[in-house]
Amino acid sequence: MPARAERDWALKSLTDRQRQVLSFISAYIGEHKYPPAVRDLAGHFAISTKGAYDHLKALERKGYIRCADHRSRAIEVADGWLADDDGLVEVPLLGNVAAGVPLLAEENLDGYIAVSSRLIGAGRHFGLKVRGDSMRDAGILDGDTAIVRQQAQAANGAIVVAMIEEAVTLKRLYLEKNRVRLEAENPDYPPIFTQNVRILGKLSAIVRAY
């Protein structure tokens, strides 16, 4: 069996969460040149340190990683499982994002999507299904999946995912003197003006199925 096919087959033996933990560890090592600590895993997935440790032990039992007891950042990924430049990263898909709930908490997760690490680059990412045609003139269509880099700030003109009260929207961001303007890329939709907005992330890529 070819190496890539064997790797894809082996990944199916993992749960969705275990696959994402493995992808996170691999991407983290690729970016930082050293492995994450248990607390890094816990913070990224909004889980307890015990929960993160349990995922690590499950991956170790299945042969994907090796852990050295009583040492921080002592995670080694087994040969063949480190993501290369063309590797895939498991990005969490979010359903209805609830106000006040950590972005990547279990309550918001609605599965995962595999995305090329070269396409999105470094950083934490999440995916959201695009509903409607308010961003059509930016080439973003109903049914697309927006891959978003998690960050709390963005420059003028950036396309962002923003939370207004309990609603999440994908719009172009403009910072005005005493307010924020969220602009659609479709003249049928008026801009949204607000003084109470939370930026969840900046658009990195669009995934479209044909």
# chains A, B, ... in the order shown; residues from 1 in each chain; ligands from 1

call {"tool": "closest_atom_pairs", "arguments": {"of": "region 34-137 of chain A", "to": "region 143-163 of chain A", "cutoff": "12 Å", "atoms": "only C-alpha atoms", "output": "JSON lines"}}
result
{"residue": "A:His44", "atom": "CA", "partner": "A:Gln150", "partner_atom": "CA", "distance": 10.9}
{"residue": "A:Val89", "atom": "CA", "partner": "A:Ile147", "partner_atom": "CA", "distance": 11.5}
{"residue": "A:Glu90", "atom": "CA", "partner": "A:Ile147", "partner_atom": "CA", "distance": 11.2}
{"residue": "A:Val91", "atom": "CA", "partner": "A:Ile147", "partner_atom": "CA", "distance": 8.0}
{"residue": "A:Pro92", "atom": "CA", "partner": "A:Ile147", "partner_atom": "CA", "distance": 9.4}
{"residue": "A:Leu93", "atom": "CA", "partner": "A:Thr145", "partner_atom": "CA", "distance": 8.8}
{"residue": "A:Leu94", "atom": "CA", "partner": "A:Thr145", "partner_atom": "CA", "distance": 10.4}
{"residue": "A:Gly95", "atom": "CA", "partner": "A:Thr145", "partner_atom": "CA", "distance": 11.7}
{"residue": "A:Asn96", "atom": "CA", "partner": "A:Met163", "partner_atom": "CA", "distance": 11.3}
{"residue": "A:Val97", "atom": "CA", "partner": "A:Met163", "partner_atom": "CA", "distance": 8.7}
{"residue": "A:Ala98", "atom": "CA", "partner": "A:Met163", "partner_atom": "CA", "distance": 9.3}
{"residue": "A:Ala99", "atom": "CA", "partner": "A:Met163", "partner_atom": "CA", "distance": 7.9}
{"residue": "A:Gly100", "atom": "CA", "partner": "A:Met163", "partner_atom": "CA", "distance": 10.6}
{"residue": "A:Val101", "atom": "CA", "partner": "A:Met163", "partner_atom": "CA", "distance": 12.0}
{"residue": "A:Pro102", "atom": "CA", "partner": "A:Gln150", "partner_atom": "CA", "distance": 11.7}
{"residue": "A:Leu103", "atom": "CA", "partner": "A:Gln150", "partner_atom": "CA", "distance": 8.9}
{"residue": "A:Leu104", "atom": "CA", "partner": "A:Gln150", "partner_atom": "CA", "distance": 9.9}
{"residue": "A:Tyr112", "atom": "CA", "partner": "A:Ile147", "partner_atom": "CA", "distance": 11.2}
{"residue": "A:Ile113", "atom": "CA", "partner": "A:Thr145", "partner_atom": "CA", "distance": 9.2}
{"residue": "A:Ala114", "atom": "CA", "partner": "A:Ile147", "partner_atom": "CA", "distance": 10.6}
{"residue": "A:Val115", "atom": "CA", "partner": "A:Ile147", "partner_atom": "CA", "distance": 8.7}
{"residue": "A:Ser116", "atom": "CA", "partner": "A:Ile147", "partner_atom": "CA", "distance": 11.0}
{"residue": "A:Ser117", "atom": "CA", "partner": "A:Ile147", "partner_atom": "CA", "distance": 11.6}
{"residue": "A:Leu119", "atom": "CA", "partner": "A:Ile147", "partner_atom": "CA", "distance": 9.8}
{"residue": "A:Ile120", "atom": "CA", "partner": "A:Ile147", "partner_atom": "CA", "distance": 7.8}
{"residue": "A:Gly121", "atom": "CA", "partner": "A:Arg149", "partner_atom": "CA", "distance": 9.1}
{"residue": "A:Ala122", "atom": "CA", "partner": "A:Arg149", "partner_atom": "CA", "distance": 8.6}
{"residue": "A:Gly123", "atom": "CA", "partner": "A:Arg149", "partner_atom": "CA", "distance": 6.5}
{"residue": "A:Arg124", "atom": "CA", "partner": "A:Gln150", "partner_atom": "CA", "distance": 5.5}
{"residue": "A:His125", "atom": "CA", "partner": "A:Arg149", "partner_atom": "CA", "distance": 4.4}
{"residue": "A:Phe126", "atom": "CA", "partner": "A:Val148", "partner_atom": "CA", "distance": 5.4}
{"residue": "A:Gly127", "atom": "CA", "partner": "A:Ile147", "partner_atom": "CA", "distance": 4.5}
{"residue": "A:Leu128", "atom": "CA", "partner": "A:Ala146", "partner_atom": "CA", "distance": 5.2}
{"residue": "A:Lys129", "atom": "CA", "partner": "A:Thr145", "partner_atom": "CA", "distance": 4.5}
{"residue": "A:Val130", "atom": "CA", "partner": "A:Asp144", "partner_atom": "CA", "distance": 5.3}
{"residue": "A:Arg131", "atom": "CA", "partner": "A:Gly143", "partner_atom": "CA", "distance": 6.2}
{"residue": "A:Gly132", "atom": "CA", "partner": "A:Gly143", "partner_atom": "CA", "distance": 8.0}
{"residue": "A:Asp133", "atom": "CA", "partner": "A:Gly143", "partner_atom": "CA", "distance": 9.4}
{"residue": "A:Met135", "atom": "CA", "partner": "A:Ile159", "partner_atom": "CA", "distance": 9.5}
{"residue": "A:Arg136", "atom": "CA", "partner": "A:Asp144", "partner_atom": "CA", "distance": 10.6}

call {"tool": "write_last_selection", "arguments": {"atoms": "N, CA and C atoms", "output": "tab-separated table (two decimals), in the first residue's frame"}}
result
chain	number	residue	atom	x	y	z
A	44	HIS	N	-5.79	24.99	23.84
A	44	HIS	CA	-6.23	25.03	22.44
A	44	HIS	C	-7.61	24.43	22.26
A	89	VAL	N	-4.19	19.45	7.71
A	89	VAL	CA	-4.47	19.83	9.09
A	89	VAL	C	-5.97	19.70	9.31
A	90	GLU	N	-6.35	19.09	10.43
A	90	GLU	CA	-7.76	18.96	10.77
A	90	GLU	C	-8.24	20.25	11.42
A	91	VAL	N	-9.15	20.94	10.75
A	91	VAL	CA	-9.68	22.21	11.24
A	91	VAL	C	-11.08	21.98	11.80
A	92	PRO	N	-11.36	22.42	13.03
A	92	PRO	CA	-12.69	22.23	13.58
A	92	PRO	C	-13.75	23.05	12.86
A	93	LEU	N	-14.87	22.41	12.56
A	93	LEU	CA	-16.02	23.11	11.99
A	93	LEU	C	-16.93	23.53	13.13
A	94	LEU	N	-17.33	24.78	13.13
A	94	LEU	CA	-18.19	25.29	14.20
A	94	LEU	C	-19.63	25.38	13.70
A	95	GLY	N	-20.55	25.01	14.58
A	95	GLY	CA	-21.96	25.12	14.26
A	95	GLY	C	-22.47	26.47	14.72
A	96	ASN	N	-23.39	26.48	15.66
A	96	ASN	CA	-23.91	27.73	16.22
A	96	ASN	C	-23.00	28.19	17.35
A	97	VAL	N	-22.24	29.24	17.09
A	97	VAL	CA	-21.30	29.74	18.09
A	97	VAL	C	-22.08	30.52	19.15
A	98	ALA	N	-21.97	30.08	20.39
A	98	ALA	CA	-22.74	30.69	21.47
A	98	ALA	C	-21.93	31.79	22.15
A	99	ALA	N	-22.57	32.91	22.42
A	99	ALA	CA	-21.91	34.00	23.13
A	99	ALA	C	-21.50	33.53	24.52
A	100	GLY	N	-20.27	33.88	24.93
A	100	GLY	CA	-19.80	33.54	26.26
A	100	GLY	C	-19.17	32.16	26.37
A	101	VAL	N	-19.28	31.34	25.31
A	101	VAL	CA	-18.68	30.00	25.32
A	101	VAL	C	-17.37	30.06	24.56
A	102	PRO	N	-16.26	29.50	25.10
A	102	PRO	CA	-15.00	29.52	24.37
A	102	PRO	C	-15.17	29.01	22.94
A	103	LEU	N	-14.48	29.66	22.01
A	103	LEU	CA	-14.73	29.43	20.59
A	103	LEU	C	-14.68	27.96	20.20
A	104	LEU	N	-13.64	27.23	20.66
A	104	LEU	CA	-13.46	25.85	20.26
A	104	LEU	C	-13.95	24.86	21.30
A	112	TYR	N	-15.07	18.17	11.67
A	112	TYR	CA	-13.75	18.66	11.25
A	112	TYR	C	-13.65	18.62	9.74
A	113	ILE	N	-12.75	19.44	9.20
A	113	ILE	CA	-12.47	19.43	7.77
A	113	ILE	C	-10.95	19.40	7.60
A	114	ALA	N	-10.46	18.57	6.67
A	114	ALA	CA	-9.03	18.48	6.40
A	114	ALA	C	-8.64	19.54	5.37
A	115	VAL	N	-7.66	20.37	5.73
A	115	VAL	CA	-7.23	21.48	4.87
A	115	VAL	C	-5.71	21.43	4.74
A	116	SER	N	-5.19	21.76	3.56
A	116	SER	CA	-3.76	21.79	3.35
A	116	SER	C	-3.10	22.81	4.27
A	117	SER	N	-2.04	22.39	4.96
A	117	SER	CA	-1.32	23.30	5.84
A	117	SER	C	-0.68	24.43	5.04
A	119	LEU	N	-2.05	25.90	2.52
A	119	LEU	CA	-3.12	26.84	2.17
A	119	LEU	C	-3.39	27.84	3.27
A	120	ILE	N	-3.36	27.40	4.52
A	120	ILE	CA	-3.79	28.28	5.61
A	120	ILE	C	-2.65	28.82	6.46
A	121	GLY	N	-1.48	28.21	6.41
A	121	GLY	CA	-0.36	28.71	7.20
A	121	GLY	C	-0.50	28.40	8.69
A	122	ALA	N	0.27	29.11	9.49
A	122	ALA	CA	0.33	28.85	10.92
A	122	ALA	C	-0.85	29.49	11.66
A	123	GLY	N	-1.01	29.11	12.91
A	123	GLY	CA	-2.05	29.70	13.74
A	123	GLY	C	-3.22	28.76	13.95
A	124	ARG	N	-4.07	29.12	14.89
A	124	ARG	CA	-5.30	28.36	15.14
A	124	ARG	C	-6.34	28.74	14.11
A	125	HIS	N	-7.03	27.75	13.59
A	125	HIS	CA	-8.06	28.00	12.58
A	125	HIS	C	-9.35	27.27	12.94
A	126	PHE	N	-10.44	27.79	12.43
A	126	PHE	CA	-11.72	27.10	12.52
A	126	PHE	C	-12.47	27.30	11.21
A	127	GLY	N	-13.46	26.47	10.97
A	127	GLY	CA	-14.25	26.57	9.74
A	127	GLY	C	-15.70	26.90	10.04
A	128	LEU	N	-16.31	27.67	9.15
A	128	LEU	CA	-17.72	28.01	9.25
A	128	LEU	C	-18.38	27.85	7.89
A	129	LYS	N	-19.56	27.25	7.85
A	129	LYS	CA	-20.32	27.17	6.62
A	129	LYS	C	-20.91	28.54	6.28
A	130	VAL	N	-20.76	28.95	5.03
A	130	VAL	CA	-21.31	30.23	4.58
A	130	VAL	C	-22.78	30.04	4.22
A	131	ARG	N	-23.63	30.90	4.78
A	131	ARG	CA	-25.06	30.87	4.46
A	131	ARG	C	-25.46	32.19	3.83
A	132	GLY	N	-26.09	32.14	2.68
A	132	GLY	CA	-26.54	33.36	2.02
A	132	GLY	C	-25.52	33.88	1.02
A	133	ASP	N	-25.86	35.01	0.38
A	133	ASP	CA	-25.04	35.55	-0.70
A	133	ASP	C	-24.52	36.95	-0.40
A	135	MET	N	-21.75	37.94	0.62
A	135	MET	CA	-20.34	38.16	0.28
A	135	MET	C	-20.02	37.67	-1.12
A	136	ARG	N	-21.01	37.60	-1.99
A	136	ARG	CA	-20.82	36.99	-3.31
A	136	ARG	C	-19.82	37.75	-4.17

call {"tool": "select_by_dssp", "arguments": {"residues": "region 29-80 of chain A", "states": "strand (DSSP E or B)", "output": "list in words"}}
result
Ile65, Arg66, Cys67, Ile75, Glu76 and Val77 of chain A

call {"tool": "write_last_selection", "arguments": {"atoms": "N, CA and C atoms", "output": "mmCIF file, in the first residue's frame"}}
result
data_model
loop_
_atom_site.group_PDB
_atom_site.id
_atom_site.type_symbol
_atom_site.label_atom_id
_atom_site.label_comp_id
_atom_site.auth_asym_id
_atom_site.auth_seq_id
_atom_site.Cartn_x
_atom_site.Cartn_y
_atom_site.Cartn_z
ATOM 1 N N ILE A 65 2.171 8.543 18.794
ATOM 2 C CA ILE A 65 3.124 9.401 19.491
ATOM 3 C C ILE A 65 3.818 8.604 20.584
ATOM 4 N N ARG A 66 4.900 9.182 21.118
ATOM 5 C CA ARG A 66 5.576 8.641 22.288
ATOM 6 C C ARG A 66 5.691 9.749 23.322
ATOM 7 N N CYS A 67 5.402 9.442 24.569
ATOM 8 C CA CYS A 67 5.456 10.429 25.650
ATOM 9 C C CYS A 67 6.444 9.959 26.706
ATOM 10 N N ILE A 75 6.780 15.081 23.989
ATOM 11 C CA ILE A 75 5.945 14.341 23.053
ATOM 12 C C ILE A 75 6.729 14.171 21.753
ATOM 13 N N GLU A 76 6.831 12.954 21.290
ATOM 14 C CA GLU A 76 7.454 12.683 20.001
ATOM 15 C C GLU A 76 6.411 12.058 19.093
ATOM 16 N N VAL A 77 6.319 12.580 17.867
ATOM 17 C CA VAL A 77 5.398 12.020 16.884
ATOM 18 C C VAL A 77 6.114 10.908 16.145
#

call {"tool": "closest_residue", "arguments": {"among": "A:Gln195, A:Asp188, A:Glu107, A:Ala68", "to": "Glu176 (chain A)", "atoms": "only C-alpha atoms"}}
result
A:Gln195

call {"tool": "closest_residue", "arguments": {"among": "A:Leu88, A:Ala46, A:Val38, A:Ile25", "to": "Asn108 (chain A)", "atoms": "only C-alpha atoms"}}
result
A:Ala46

call {"tool": "decode", "arguments": {"residues": "region 44-69 of chain A", "atoms": "N, CA, C and O atoms", "output": "PDB file, in the first residue's frame"}}
result
ATOM      1  N   HIS A  44      -5.790  24.987  23.837  1.00  0.00           N
ATOM      2  CA  HIS A  44      -6.232  25.030  22.441  1.00  0.00           C
ATOM      3  C   HIS A  44      -7.612  24.429  22.264  1.00  0.00           C
ATOM      4  O   HIS A  44      -8.433  24.950  21.511  1.00  0.00           O
ATOM      5  N   PHE A  45      -7.876  23.322  22.956  1.00  0.00           N
ATOM      6  CA  PHE A  45      -9.149  22.616  22.783  1.00  0.00           C
ATOM      7  C   PHE A  45     -10.182  22.965  23.854  1.00  0.00           C
ATOM      8  O   PHE A  45     -11.274  22.396  23.869  1.00  0.00           O
ATOM      9  N   ALA A  46      -9.835  23.895  24.744  1.00  0.00           N
ATOM     10  CA  ALA A  46     -10.750  24.316  25.810  1.00  0.00           C
ATOM     11  C   ALA A  46     -11.220  23.128  26.639  1.00  0.00           C
ATOM     12  O   ALA A  46     -12.404  22.957  26.909  1.00  0.00           O
ATOM     13  N   ILE A  47     -10.256  22.272  27.038  1.00  0.00           N
ATOM     14  CA  ILE A  47     -10.556  21.113  27.870  1.00  0.00           C
ATOM     15  C   ILE A  47      -9.630  21.136  29.087  1.00  0.00           C
ATOM     16  O   ILE A  47      -8.704  21.951  29.162  1.00  0.00           O
ATOM     17  N   SER A  48      -9.868  20.225  30.029  1.00  0.00           N
ATOM     18  CA  SER A  48      -9.027  20.152  31.220  1.00  0.00           C
ATOM     19  C   SER A  48      -7.672  19.530  30.871  1.00  0.00           C
ATOM     20  O   SER A  48      -7.521  18.853  29.844  1.00  0.00           O
ATOM     21  N   THR A  49      -6.690  19.744  31.740  1.00  0.00           N
ATOM     22  CA  THR A  49      -5.385  19.130  31.512  1.00  0.00           C
ATOM     23  C   THR A  49      -5.495  17.604  31.567  1.00  0.00           C
ATOM     24  O   THR A  49      -4.797  16.905  30.826  1.00  0.00           O
ATOM     25  N   LYS A  50      -6.382  17.087  32.402  1.00  0.00           N
ATOM     26  CA  LYS A  50      -6.585  15.642  32.448  1.00  0.00           C
ATOM     27  C   LYS A  50      -7.151  15.142  31.119  1.00  0.00           C
ATOM     28  O   LYS A  50      -6.742  14.092  30.606  1.00  0.00           O
ATOM     29  N   GLY A  51      -8.109  15.897  30.561  1.00  0.00           N
ATOM     30  CA  GLY A  51      -8.669  15.502  29.277  1.00  0.00           C
ATOM     31  C   GLY A  51      -7.610  15.487  28.191  1.00  0.00           C
ATOM     32  O   GLY A  51      -7.572  14.575  27.352  1.00  0.00           O
ATOM     33  N   ALA A  52      -6.734  16.513  28.193  1.00  0.00           N
ATOM     34  CA  ALA A  52      -5.652  16.554  27.208  1.00  0.00           C
ATOM     35  C   ALA A  52      -4.699  15.382  27.404  1.00  0.00           C
ATOM     36  O   ALA A  52      -4.270  14.731  26.436  1.00  0.00           O
ATOM     37  N   TYR A  53      -4.377  15.079  28.651  1.00  0.00           N
ATOM     38  CA  TYR A  53      -3.487  13.953  28.960  1.00  0.00           C
ATOM     39  C   TYR A  53      -4.097  12.633  28.495  1.00  0.00           C
ATOM     40  O   TYR A  53      -3.402  11.774  27.934  1.00  0.00           O
ATOM     41  N   ASP A  54      -5.397  12.470  28.692  1.00  0.00           N
ATOM     42  CA  ASP A  54      -6.068  11.238  28.260  1.00  0.00           C
ATOM     43  C   ASP A  54      -5.987  11.062  26.744  1.00  0.00           C
ATOM     44  O   ASP A  54      -5.791   9.946  26.242  1.00  0.00           O
ATOM     45  N   HIS A  55      -6.123  12.160  25.988  1.00  0.00           N
ATOM     46  CA  HIS A  55      -5.998  12.070  24.540  1.00  0.00           C
ATOM     47  C   HIS A  55      -4.582  11.675  24.141  1.00  0.00           C
ATOM     48  O   HIS A  55      -4.378  10.875  23.214  1.00  0.00           O
ATOM     49  N   LEU A  56      -3.589  12.217  24.834  1.00  0.00           N
ATOM     50  CA  LEU A  56      -2.204  11.865  24.542  1.00  0.00           C
ATOM     51  C   LEU A  56      -1.948  10.385  24.798  1.00  0.00           C
ATOM     52  O   LEU A  56      -1.301   9.708  23.986  1.00  0.00           O
ATOM     53  N   LYS A  57      -2.444   9.876  25.913  1.00  0.00           N
ATOM     54  CA  LYS A  57      -2.222   8.463  26.229  1.00  0.00           C
ATOM     55  C   LYS A  57      -2.921   7.557  25.218  1.00  0.00           C
ATOM     56  O   LYS A  57      -2.408   6.491  24.854  1.00  0.00           O
ATOM     57  N   ALA A  58      -4.096   7.984  24.730  1.00  0.00           N
ATOM     58  CA  ALA A  58      -4.798   7.194  23.714  1.00  0.00           C
ATOM     59  C   ALA A  58      -3.994   7.155  22.422  1.00  0.00           C
ATOM     60  O   ALA A  58      -3.868   6.093  21.784  1.00  0.00           O
ATOM     61  N   LEU A  59      -3.430   8.284  22.028  1.00  0.00           N
ATOM     62  CA  LEU A  59      -2.599   8.323  20.819  1.00  0.00           C
ATOM     63  C   LEU A  59      -1.328   7.494  21.000  1.00  0.00           C
ATOM     64  O   LEU A  59      -0.855   6.844  20.058  1.00  0.00           O
ATOM     65  N   GLU A  60      -0.787   7.510  22.211  1.00  0.00           N
ATOM     66  CA  GLU A  60       0.409   6.715  22.479  1.00  0.00           C
ATOM     67  C   GLU A  60       0.098   5.221  22.402  1.00  0.00           C
ATOM     68  O   GLU A  60       0.865   4.442  21.824  1.00  0.00           O
ATOM     69  N   ARG A  61      -1.042   4.815  22.953  1.00  0.00           N
ATOM     70  CA  ARG A  61      -1.422   3.395  22.897  1.00  0.00           C
ATOM     71  C   ARG A  61      -1.591   2.925  21.457  1.00  0.00           C
ATOM     72  O   ARG A  61      -1.293   1.773  21.138  1.00  0.00           O
ATOM     73  N   LYS A  62      -2.059   3.827  20.574  1.00  0.00           N
ATOM     74  CA  LYS A  62      -2.286   3.456  19.177  1.00  0.00           C
ATOM     75  C   LYS A  62      -1.031   3.607  18.321  1.00  0.00           C
ATOM     76  O   LYS A  62      -1.059   3.336  17.115  1.00  0.00           O
ATOM     77  N   GLY A  63       0.067   4.075  18.956  1.00  0.00           N
ATOM     78  CA  GLY A  63       1.342   4.107  18.247  1.00  0.00           C
ATOM     79  C   GLY A  63       1.632   5.354  17.447  1.00  0.00           C
ATOM     80  O   GLY A  63       2.604   5.394  16.684  1.00  0.00           O
ATOM     81  N   TYR A  64       0.832   6.424  17.627  1.00  0.00           N
ATOM     82  CA  TYR A  64       1.035   7.633  16.840  1.00  0.00           C
ATOM     83  C   TYR A  64       2.065   8.565  17.474  1.00  0.00           C
ATOM     84  O   TYR A  64       2.710   9.338  16.772  1.00  0.00           O
ATOM     85  N   ILE A  65       2.171   8.543  18.794  1.00  0.00           N
ATOM     86  CA  ILE A  65       3.124   9.401  19.491  1.00  0.00           C
ATOM     87  C   ILE A  65       3.818   8.604  20.584  1.00  0.00           C
ATOM     88  O   ILE A  65       3.390   7.494  20.948  1.00  0.00           O
ATOM     89  N   ARG A  66       4.900   9.182  21.118  1.00  0.00           N
ATOM     90  CA  ARG A  66       5.576   8.641  22.288  1.00  0.00           C
ATOM     91  C   ARG A  66       5.691   9.749  23.322  1.00  0.00           C
ATOM     92  O   ARG A  66       6.027  10.892  22.976  1.00  0.00           O
ATOM     93  N   CYS A  67       5.402   9.442  24.569  1.00  0.00           N
ATOM     94  CA  CYS A  67       5.456  10.429  25.650  1.00  0.00           C
ATOM     95  C   CYS A  67       6.444   9.959  26.706  1.00  0.00           C
ATOM     96  O   CYS A  67       6.446   8.784  27.094  1.00  0.00           O
ATOM     97  N   ALA A  68       7.258  10.890  27.202  1.00  0.00           N
ATOM     98  CA  ALA A  68       8.163  10.592  28.307  1.00  0.00           C
ATOM     99  C   ALA A  68       7.506  11.073  29.597  1.00  0.00           C
ATOM    100  O   ALA A  68       7.103  12.236  29.705  1.00  0.00           O
ATOM    101  N   ASP A  69       7.369  10.180  30.557  1.00  0.00           N
ATOM    102  CA  ASP A  69       6.706  10.522  31.812  1.00  0.00           C
ATOM    103  C   ASP A  69       7.498  11.586  32.575  1.00  0.00           C
ATOM    104  O   ASP A  69       8.724  11.621  32.549  1.00  0.00           O
TER     105      ASP A  69
END
